[in-house]
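A.B. asks: Provided herewith is a single structure, encoded as structure tokens, for subsequent inquiry.
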Amino acid sequence: MDAANPHQRPVVTELRVSAFKSHRNAVFALGPLTLFRGGSGSGKSSALEAYETLARLAGGDTLDEALAPVAGGAQACVPQQARPDAQGRRGFRIGCTVEGPMGPVLLDVAVQAEPELRVVGERLTGAGLTLLSTALRDPGLPRVEAAWHTAGSVPVTRAPLPDDRLGTALLPLRVAGKTAGQRMVLDAAEQVVIALRSVFPCDPRPELMRAPVAARDGRLRGACDNVAAVLGRTRNECVIRHALLVTAAAAGCRGPVDGLSVEGLDGGFVRAVLARQAGATTPLERLGDGELRYLALCLVLLTGPGVLAVDPVGEVLQARQVLTVLADGLDRCLDARQARELLGLAARMCERGHIRLVGTVRGTAAEVADEVAGASMVDLGA
């Protein structure tokens, strides 16, 4: 790895929440393991929502699709104190910095939420240059005017782009890459898209994890409702990772744990079971909510894009991508022992460089987080 540029694989190192919900002009540095802590209403979840929105836009979602996970949609993202302009327009602004082979590349997006939802401005900068900028010129048309760096006989290329998508994600379809300037634009766009698309929002739902699932449903979803099928898959495909998961389960579940396996049921369904001493087993549905969330999060940290339901850039080798897990309420339902074990596992896995974790904590994990080596804390106060 180049000592002058350690980020050979693109990663998001800074999240900018310029105007989003309760945040104004907020800038958060993100490390391999970043934990937001603070009381209810302090903006922990909002920061992760901003991150996920950028990730979904980079994946090609429309604004409506990207904001669907946010309760209340686009209108809920507008800062409450924001005043409409003379045309009744209000919106929000979010952005990020992505470190990679090109060095730092900055993406900033301005979204109009009212009276209609649209991107009204976007800026991509890197190497000291504005590589892409968009602006809404005619409110009556569903498009923005885009200008990107060319550095050829024509220094800037101008063309319309749709106003409901991220222009950066569309650049590979619009830029030929014939000049050095165009190639710089494409490299910067690729760096941002690779980092943002390799994101897995995760919030295990114990009430859904207890039901039997189809044995072939082997890509873990964010709610972890198909955890039984995925456990069966990992047990067969990766003995070493599965053994690490069993060790983690023994550290965080009540009573001795000798193994994790699945039992076949009628109709092609399976359920997961914990192997106990003397051949006894405990079905997963009998575990407590904290145990289920703990197990699911350990499984996420010990797997990767091939197992998780994430859509990274297919044209780029997985070795060039880093998976980022977004875990709102990371310590929800966990006791002190489980929180300590989970954070320790997260620190070890993030240190290896193939996975990053951005989570929010409020209870037990917030109290023990300072003990975790390598964790970056963002304290949002009460």
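Ordering of the structure tokens sets the chain letters (A, B, ...), residue numbers begin anew at 1 in every chain, and ligands are numbered from 1 in the order given.
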Neighbouring residues of Gly167 of chain A were defined as those with any atom within 9 Å, considering only C-alpha atoms; residues of the same chain fewer than 2 positions away were excluded. Please report them as a list in words.
C.D. replies: Ala58, Glu122, Leu132, Ser133, Thr134, Ala146, Leu161, Pro162, Asp163, Arg165, Ala169, Leu170 and Leu171 of chain A
A.B. asks: For Thr150 of chain A, find every residue with an atom within 7 Å (counting only C-alpha atoms), except residues of its own chain fewer than 6 positions away, and show them as a list of chain:residue names.
C.D. replies: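 Residues near the query, excluding close chain neighbours: A:Val156, A:Thr157, A:Thr179, A:Gly181, A:Gln182.
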A.B. asks: My list of candidates is A:Gly268, A:Pro160, A:Pro32, A:Gly103. Which is closest to Leu141 of chain A when distances are computed with only C-alpha atoms?
C.D. replies: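 When distances to Leu141 of chain A are compared using only C-alpha atoms, the smallest one comes from A:Pro160.
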A.B. asks: Mind listing the helix (DSSP H, G or I) residues of segment 261-313 of chain A, per DSSP on the backbone, as a PDB file with all heavy atoms, in the first residue's frame?
C.D. replies:
ATOM      1  N   ASP A 266     -40.734 -29.128   6.771  1.00  0.00           N
ATOM      2  CA  ASP A 266     -41.543 -29.438   5.594  1.00  0.00           C
ATOM      3  C   ASP A 266     -41.611 -28.228   4.666  1.00  0.00           C
ATOM      4  O   ASP A 266     -41.559 -27.064   5.098  1.00  0.00           O
ATOM      5  CB  ASP A 266     -42.958 -29.832   6.015  1.00  0.00           C
ATOM      6  CG  ASP A 266     -42.991 -31.159   6.764  1.00  0.00           C
ATOM      7  OD1 ASP A 266     -42.026 -31.940   6.615  1.00  0.00           O
ATOM      8  OD2 ASP A 266     -43.975 -31.406   7.504  1.00  0.00           O
ATOM      9  N   GLY A 267     -41.711 -28.517   3.374  1.00  0.00           N
ATOM     10  CA  GLY A 267     -41.905 -27.457   2.396  1.00  0.00           C
ATOM     11  C   GLY A 267     -40.646 -26.713   2.017  1.00  0.00           C
ATOM     12  O   GLY A 267     -40.717 -25.615   1.445  1.00  0.00           O
ATOM     13  N   GLY A 268     -39.475 -27.260   2.327  1.00  0.00           N
ATOM     14  CA  GLY A 268     -38.229 -26.594   1.966  1.00  0.00           C
ATOM     15  C   GLY A 268     -37.825 -25.482   2.913  1.00  0.00           C
ATOM     16  O   GLY A 268     -36.971 -24.655   2.574  1.00  0.00           O
ATOM     17  N   GLN A 277     -24.649 -28.685  25.181  1.00  0.00           N
ATOM     18  CA  GLN A 277     -23.906 -29.837  25.676  1.00  0.00           C
ATOM     19  C   GLN A 277     -24.788 -31.081  25.693  1.00  0.00           C
ATOM     20  O   GLN A 277     -26.022 -30.989  25.779  1.00  0.00           O
ATOM     21  CB  GLN A 277     -23.383 -29.541  27.086  1.00  0.00           C
ATOM     22  CG  GLN A 277     -22.326 -28.450  27.121  1.00  0.00           C
ATOM     23  CD  GLN A 277     -21.875 -28.131  28.537  1.00  0.00           C
ATOM     24  OE1 GLN A 277     -22.575 -28.427  29.501  1.00  0.00           O
ATOM     25  NE2 GLN A 277     -20.699 -27.524  28.655  1.00  0.00           N
ATOM     26  N   ALA A 278     -24.133 -32.236  25.567  1.00  0.00           N
ATOM     27  CA  ALA A 278     -24.814 -33.540  25.627  1.00  0.00           C
ATOM     28  C   ALA A 278     -25.874 -33.686  24.539  1.00  0.00           C
ATOM     29  O   ALA A 278     -26.882 -34.366  24.719  1.00  0.00           O
ATOM     30  CB  ALA A 278     -25.457 -33.747  27.006  1.00  0.00           C
ATOM     31  N   GLY A 279     -25.660 -33.041  23.384  1.00  0.00           N
ATOM     32  CA  GLY A 279     -26.562 -33.212  22.260  1.00  0.00           C
ATOM     33  C   GLY A 279     -27.843 -32.410  22.321  1.00  0.00           C
ATOM     34  O   GLY A 279     -28.685 -32.524  21.422  1.00  0.00           O
ATOM     35  N   LEU A 284     -33.653 -21.240  17.553  1.00  0.00           N
ATOM     36  CA  LEU A 284     -33.359 -19.818  17.590  1.00  0.00           C
ATOM     37  C   LEU A 284     -34.555 -19.004  18.076  1.00  0.00           C
ATOM     38  O   LEU A 284     -34.391 -17.973  18.729  1.00  0.00           O
ATOM     39  CB  LEU A 284     -32.940 -19.347  16.191  1.00  0.00           C
ATOM     40  CG  LEU A 284     -31.884 -18.237  16.140  1.00  0.00           C
ATOM     41  CD1 LEU A 284     -30.568 -18.745  16.696  1.00  0.00           C
ATOM     42  CD2 LEU A 284     -31.692 -17.747  14.704  1.00  0.00           C
ATOM     43  N   GLU A 285     -35.772 -19.490  17.783  1.00  0.00           N
ATOM     44  CA  GLU A 285     -36.956 -18.710  18.158  1.00  0.00           C
ATOM     45  C   GLU A 285     -37.160 -18.622  19.670  1.00  0.00           C
ATOM     46  O   GLU A 285     -37.938 -17.801  20.152  1.00  0.00           O
ATOM     47  CB  GLU A 285     -38.215 -19.290  17.497  1.00  0.00           C
ATOM     48  CG  GLU A 285     -38.549 -20.726  17.871  1.00  0.00           C
ATOM     49  CD  GLU A 285     -38.055 -21.711  16.844  1.00  0.00           C
ATOM     50  OE1 GLU A 285     -37.047 -21.410  16.158  1.00  0.00           O
ATOM     51  OE2 GLU A 285     -38.673 -22.779  16.718  1.00  0.00           O
ATOM     52  N   ARG A 286     -36.444 -19.463  20.421  1.00  0.00           N
ATOM     53  CA  ARG A 286     -36.573 -19.416  21.876  1.00  0.00           C
ATOM     54  C   ARG A 286     -35.590 -18.441  22.536  1.00  0.00           C
ATOM     55  O   ARG A 286     -35.640 -18.246  23.744  1.00  0.00           O
ATOM     56  CB  ARG A 286     -36.380 -20.818  22.457  1.00  0.00           C
ATOM     57  CG  ARG A 286     -37.439 -21.824  22.001  1.00  0.00           C
ATOM     58  CD  ARG A 286     -37.233 -23.164  22.679  1.00  0.00           C
ATOM     59  NE  ARG A 286     -37.453 -23.098  24.114  1.00  0.00           N
ATOM     60  CZ  ARG A 286     -38.627 -23.258  24.710  1.00  0.00           C
ATOM     61  NH1 ARG A 286     -39.720 -23.463  23.974  1.00  0.00           N
ATOM     62  NH2 ARG A 286     -38.733 -23.198  26.022  1.00  0.00           N
ATOM     63  N   ASP A 289     -34.630 -11.302  22.656  1.00  0.00           N
ATOM     64  CA  ASP A 289     -34.403 -10.300  21.616  1.00  0.00           C
ATOM     65  C   ASP A 289     -32.939  -9.863  21.567  1.00  0.00           C
ATOM     66  O   ASP A 289     -32.367  -9.703  20.483  1.00  0.00           O
ATOM     67  CB  ASP A 289     -35.284  -9.071  21.865  1.00  0.00           C
ATOM     68  CG  ASP A 289     -36.743  -9.329  21.535  1.00  0.00           C
ATOM     69  OD1 ASP A 289     -37.071 -10.450  21.109  1.00  0.00           O
ATOM     70  OD2 ASP A 289     -37.558  -8.386  21.700  1.00  0.00           O
ATOM     71  N   GLY A 290     -32.333  -9.686  22.725  1.00  0.00           N
ATOM     72  CA  GLY A 290     -30.936  -9.271  22.749  1.00  0.00           C
ATOM     73  C   GLY A 290     -30.020 -10.314  22.153  1.00  0.00           C
ATOM     74  O   GLY A 290     -29.075  -9.987  21.423  1.00  0.00           O
ATOM     75  N   GLU A 291     -30.268 -11.580  22.457  1.00  0.00           N
ATOM     76  CA  GLU A 291     -29.447 -12.651  21.902  1.00  0.00           C
ATOM     77  C   GLU A 291     -29.579 -12.717  20.381  1.00  0.00           C
ATOM     78  O   GLU A 291     -28.599 -12.909  19.657  1.00  0.00           O
ATOM     79  CB  GLU A 291     -29.849 -13.990  22.521  1.00  0.00           C
ATOM     80  CG  GLU A 291     -29.486 -14.126  23.996  1.00  0.00           C
ATOM     81  CD  GLU A 291     -30.010 -15.421  24.589  1.00  0.00           C
ATOM     82  OE1 GLU A 291     -31.230 -15.652  24.504  1.00  0.00           O
ATOM     83  OE2 GLU A 291     -29.200 -16.194  25.124  1.00  0.00           O
ATOM     84  N   LEU A 292     -30.814 -12.554  19.890  1.00  0.00           N
ATOM     85  CA  LEU A 292     -31.030 -12.608  18.445  1.00  0.00           C
ATOM     86  C   LEU A 292     -30.348 -11.449  17.733  1.00  0.00           C
ATOM     87  O   LEU A 292     -29.701 -11.628  16.692  1.00  0.00           O
ATOM     88  CB  LEU A 292     -32.530 -12.615  18.147  1.00  0.00           C
ATOM     89  CG  LEU A 292     -33.262 -13.920  18.471  1.00  0.00           C
ATOM     90  CD1 LEU A 292     -34.763 -13.752  18.299  1.00  0.00           C
ATOM     91  CD2 LEU A 292     -32.759 -15.048  17.578  1.00  0.00           C
ATOM     92  N   ARG A 293     -30.489 -10.244  18.264  1.00  0.00           N
ATOM     93  CA  ARG A 293     -29.832  -9.098  17.633  1.00  0.00           C
ATOM     94  C   ARG A 293     -28.313  -9.251  17.685  1.00  0.00           C
ATOM     95  O   ARG A 293     -27.611  -8.948  16.714  1.00  0.00           O
ATOM     96  CB  ARG A 293     -30.259  -7.793  18.323  1.00  0.00           C
ATOM     97  CG  ARG A 293     -31.636  -7.292  17.896  1.00  0.00           C
ATOM     98  CD  ARG A 293     -31.954  -5.934  18.525  1.00  0.00           C
ATOM     99  NE  ARG A 293     -30.977  -4.923  18.169  1.00  0.00           N
ATOM    100  CZ  ARG A 293     -31.021  -4.179  17.063  1.00  0.00           C
ATOM    101  NH1 ARG A 293     -31.993  -4.352  16.187  1.00  0.00           N
ATOM    102  NH2 ARG A 293     -30.101  -3.269  16.828  1.00  0.00           N
ATOM    103  N   TYR A 294     -27.810  -9.706  18.796  1.00  0.00           N
ATOM    104  CA  TYR A 294     -26.370  -9.920  18.948  1.00  0.00           C
ATOM    105  C   TYR A 294     -25.859 -10.923  17.910  1.00  0.00           C
ATOM    106  O   TYR A 294     -24.866 -10.671  17.210  1.00  0.00           O
ATOM    107  CB  TYR A 294     -26.073 -10.404  20.366  1.00  0.00           C
ATOM    108  CG  TYR A 294     -24.665 -10.913  20.580  1.00  0.00           C
ATOM    109  CD1 TYR A 294     -23.611 -10.029  20.810  1.00  0.00           C
ATOM    110  CD2 TYR A 294     -24.385 -12.273  20.535  1.00  0.00           C
ATOM    111  CE1 TYR A 294     -22.314 -10.500  20.994  1.00  0.00           C
ATOM    112  CE2 TYR A 294     -23.103 -12.755  20.722  1.00  0.00           C
ATOM    113  CZ  TYR A 294     -22.068 -11.863  20.949  1.00  0.00           C
ATOM    114  OH  TYR A 294     -20.790 -12.322  21.128  1.00  0.00           O
ATOM    115  N   LEU A 295     -26.533 -12.060  17.777  1.00  0.00           N
ATOM    116  CA  LEU A 295     -26.109 -13.077  16.824  1.00  0.00           C
ATOM    117  C   LEU A 295     -26.144 -12.546  15.395  1.00  0.00           C
ATOM    118  O   LEU A 295     -25.221 -12.780  14.599  1.00  0.00           O
ATOM    119  CB  LEU A 295     -27.016 -14.307  16.930  1.00  0.00           C
ATOM    120  CG  LEU A 295     -26.638 -15.377  17.944  1.00  0.00           C
ATOM    121  CD1 LEU A 295     -27.690 -16.471  17.962  1.00  0.00           C
ATOM    122  CD2 LEU A 295     -25.274 -15.976  17.592  1.00  0.00           C
ATOM    123  N   ALA A 296     -27.219 -11.837  15.060  1.00  0.00           N
ATOM    124  CA  ALA A 296     -27.356 -11.328  13.697  1.00  0.00           C
ATOM    125  C   ALA A 296     -26.252 -10.323  13.371  1.00  0.00           C
ATOM    126  O   ALA A 296     -25.667 -10.352  12.280  1.00  0.00           O
ATOM    127  CB  ALA A 296     -28.731 -10.690  13.519  1.00  0.00           C
ATOM    128  N   LEU A 297     -25.947  -9.431  14.293  1.00  0.00           N
ATOM    129  CA  LEU A 297     -24.916  -8.436  14.046  1.00  0.00           C
ATOM    130  C   LEU A 297     -23.536  -9.080  13.957  1.00  0.00           C
ATOM    131  O   LEU A 297     -22.699  -8.664  13.147  1.00  0.00           O
ATOM    132  CB  LEU A 297     -24.953  -7.369  15.140  1.00  0.00           C
ATOM    133  CG  LEU A 297     -26.183  -6.447  15.077  1.00  0.00           C
ATOM    134  CD1 LEU A 297     -26.347  -5.671  16.380  1.00  0.00           C
ATOM    135  CD2 LEU A 297     -26.070  -5.481  13.901  1.00  0.00           C
ATOM    136  N   CYS A 298     -23.292 -10.097  14.768  1.00  0.00           N
ATOM    137  CA  CYS A 298     -22.024 -10.835  14.649  1.00  0.00           C
ATOM    138  C   CYS A 298     -21.919 -11.492  13.275  1.00  0.00           C
ATOM    139  O   CYS A 298     -20.850 -11.480  12.645  1.00  0.00           O
ATOM    140  CB  CYS A 298     -21.914 -11.891  15.741  1.00  0.00           C
ATOM    141  SG  CYS A 298     -21.636 -11.234  17.410  1.00  0.00           S
ATOM    142  N   LEU A 299     -23.011 -12.062  12.802  1.00  0.00           N
ATOM    143  CA  LEU A 299     -23.019 -12.698  11.486  1.00  0.00           C
ATOM    144  C   LEU A 299     -22.696 -11.684  10.394  1.00  0.00           C
ATOM    145  O   LEU A 299     -21.908 -11.960   9.483  1.00  0.00           O
ATOM    146  CB  LEU A 299     -24.384 -13.343  11.237  1.00  0.00           C
ATOM    147  CG  LEU A 299     -24.602 -13.987   9.863  1.00  0.00           C
ATOM    148  CD1 LEU A 299     -23.609 -15.122   9.635  1.00  0.00           C
ATOM    149  CD2 LEU A 299     -26.037 -14.493   9.741  1.00  0.00           C
ATOM    150  N   VAL A 300     -23.285 -10.490  10.476  1.00  0.00           N
ATOM    151  CA  VAL A 300     -23.019  -9.443   9.494  1.00  0.00           C
ATOM    152  C   VAL A 300     -21.534  -9.085   9.474  1.00  0.00           C
ATOM    153  O   VAL A 300     -20.916  -8.971   8.409  1.00  0.00           O
ATOM    154  CB  VAL A 300     -23.873  -8.194   9.798  1.00  0.00           C
ATOM    155  CG1 VAL A 300     -23.417  -7.006   8.962  1.00  0.00           C
ATOM    156  CG2 VAL A 300     -25.345  -8.488   9.553  1.00  0.00           C
ATOM    157  N   LEU A 301     -20.946  -8.920  10.642  1.00  0.00           N
ATOM    158  CA  LEU A 301     -19.546  -8.522  10.724  1.00  0.00           C
ATOM    159  C   LEU A 301     -18.603  -9.602  10.220  1.00  0.00           C
ATOM    160  O   LEU A 301     -17.493  -9.300   9.767  1.00  0.00           O
ATOM    161  CB  LEU A 301     -19.193  -8.169  12.172  1.00  0.00           C
ATOM    162  CG  LEU A 301     -19.839  -6.893  12.722  1.00  0.00           C
ATOM    163  CD1 LEU A 301     -19.632  -6.797  14.223  1.00  0.00           C
ATOM    164  CD2 LEU A 301     -19.270  -5.662  12.029  1.00  0.00           C
TER     165      LEU A 301
END
A.B. asks: Write out as JSON, numbers by chain all residues of segment 98-347 of chain A that DSSP puts in strand (DSSP E) for this structure's backbone.
C.D. replies: {"A": [98, 99, 105, 106, 107, 108, 109, 110, 111, 112, 113, 114, 118, 119, 120, 121, 122, 123, 124, 125, 126, 129, 130, 131, 132, 133, 134, 135, 143, 144, 145, 146, 147, 148, 149, 156, 157, 158, 159, 160, 161, 162, 199, 200, 201, 213, 214, 259, 260, 261, 262, 263, 264, 269, 270, 271, 272, 273, 274, 275, 281, 282, 283, 323, 324, 325, 326, 327]}
A.B. asks: One number please: atom CA of Leu107 of chain A to atom CA of Arg123 of chain A, in Å, one decimal.
C.D. replies: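 Computing it gives 5.8 Å between the two atoms.
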A.B. asks: Using only C-alpha atoms, which of the listed residues (A:Ala327, A:Ala347, A:Val98, A:Ala369) sits closest to Ile194 of chain A?
C.D. replies: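 Using only C-alpha atoms, the shortest distance to Ile194 of chain A belongs to A:Val98.
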A.B. asks: May I have the residues within 10 Å of Arg254 of chain A as a list in words, using only C-alpha atoms and disregarding those fewer than 5 positions away in the same chain?
C.D. replies: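 So, after excluding close chain neighbours, the residues are Ala249, Leu287, Gly288 and Glu291 of chain A.
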A.B. asks: Distance atom CA of Cys96 of chain A-atom CA of Val120 of chain A, one decimal place?
C.D. replies: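 Result for atom CA of Cys96 of chain A versus atom CA of Val120 of chain A: 17.2 Å, one decimal.
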A.B. asks: Expressed in Å to a single decimal, how great is the separation between atom CA of Leu35 of chain A and atom CA of Met377 of chain A?
C.D. replies: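 That distance, rounded to one decimal, is 5.1 Å.
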A.B. asks: Just checking: using only C-alpha atoms, which residue out of A:Cys202, A:Val105, A:Val372, A:Ala147 ends up closest to Val175 of chain A?
C.D. replies: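 For Val175 of chain A, the nearest of the candidates is A:Ala147.
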A.B. asks: Name all residues at most 12 Å from Pro84 of chain A (count only C-alpha atoms; drop same-chain ones fewer than 4 positions away) and give them as JSON, numbers by chain.
C.D. replies: {"A": [78, 79, 80, 88, 89, 90, 91, 92, 112, 113, 114, 115]}
A.B. asks: Nearest to Arg352 of chain A among A:Val17, A:Leu260, A:Leu33, A:Leu106, with distances taken over only C-alpha atoms: which residue is it?
C.D. replies: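 Smallest distance to Arg352 of chain A is found for A:Leu33.
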A.B. asks: Would you pick out the contacts of segment 209-216 of chain A at 10 Å or less, using only C-alpha atoms, so that residues sharing its chain but fewer than 3 positions from it are not included, and give the list as a PyMOL selection string?
C.D. replies: chain A and resi 204-206+219+223-233+262-265+267-272+283-287+289+292-293+296
A.B. asks: Contacts of segment 135-140 of chain A at 6 Å or less, counting only C-alpha atoms, minus same-chain residues fewer than 3 places along, as a list in words?
C.D. replies: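 The residues satisfying every condition are Val120, Gly121, Val144 and Glu145 of chain A.
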A.B. asks: Please produce a file of the residues just selected, as a PDB file, in the first residue's frame, where the atoms kept are C-alpha atoms.
C.D. replies:
ATOM      1  CA  VAL A 120     -31.438  21.493  -7.468  1.00  0.00           C
ATOM      2  CA  GLY A 121     -27.659  21.415  -7.192  1.00  0.00           C
ATOM      3  CA  VAL A 144     -30.843  20.368 -14.255  1.00  0.00           C
ATOM      4  CA  GLU A 145     -28.101  21.937 -16.308  1.00  0.00           C
TER       5      GLU A 145
END
A.B. asks: For Pro256 of chain A, work out the shell of residues within 10 Å, counting only C-alpha atoms and skipping chain neighbours fewer than 5 positions away, then give it as a PyMOL selection string.
C.D. replies: chain A and resi 249-251+274-277
A.B. asks: How would the residues just chosen look if you wrote them out with C-alpha atoms as a short mmCIF file (atom, residue, chain, number, x, y, z; two decimals), in the first residue's frame?
C.D. replies:
data_model
loop_
_atom_site.label_atom_id
_atom_site.label_comp_id
_atom_site.auth_asym_id
_atom_site.auth_seq_id
_atom_site.Cartn_x
_atom_site.Cartn_y
_atom_site.Cartn_z
CA ALA A 249 -22.39 -16.93 20.16
CA ALA A 250 -20.87 -18.69 23.14
CA ALA A 251 -19.63 -15.34 24.45
CA LEU A 274 -27.98 -23.67 18.95
CA ALA A 275 -26.17 -26.91 19.80
CA ARG A 276 -25.79 -27.37 23.55
CA GLN A 277 -23.91 -29.84 25.68
#
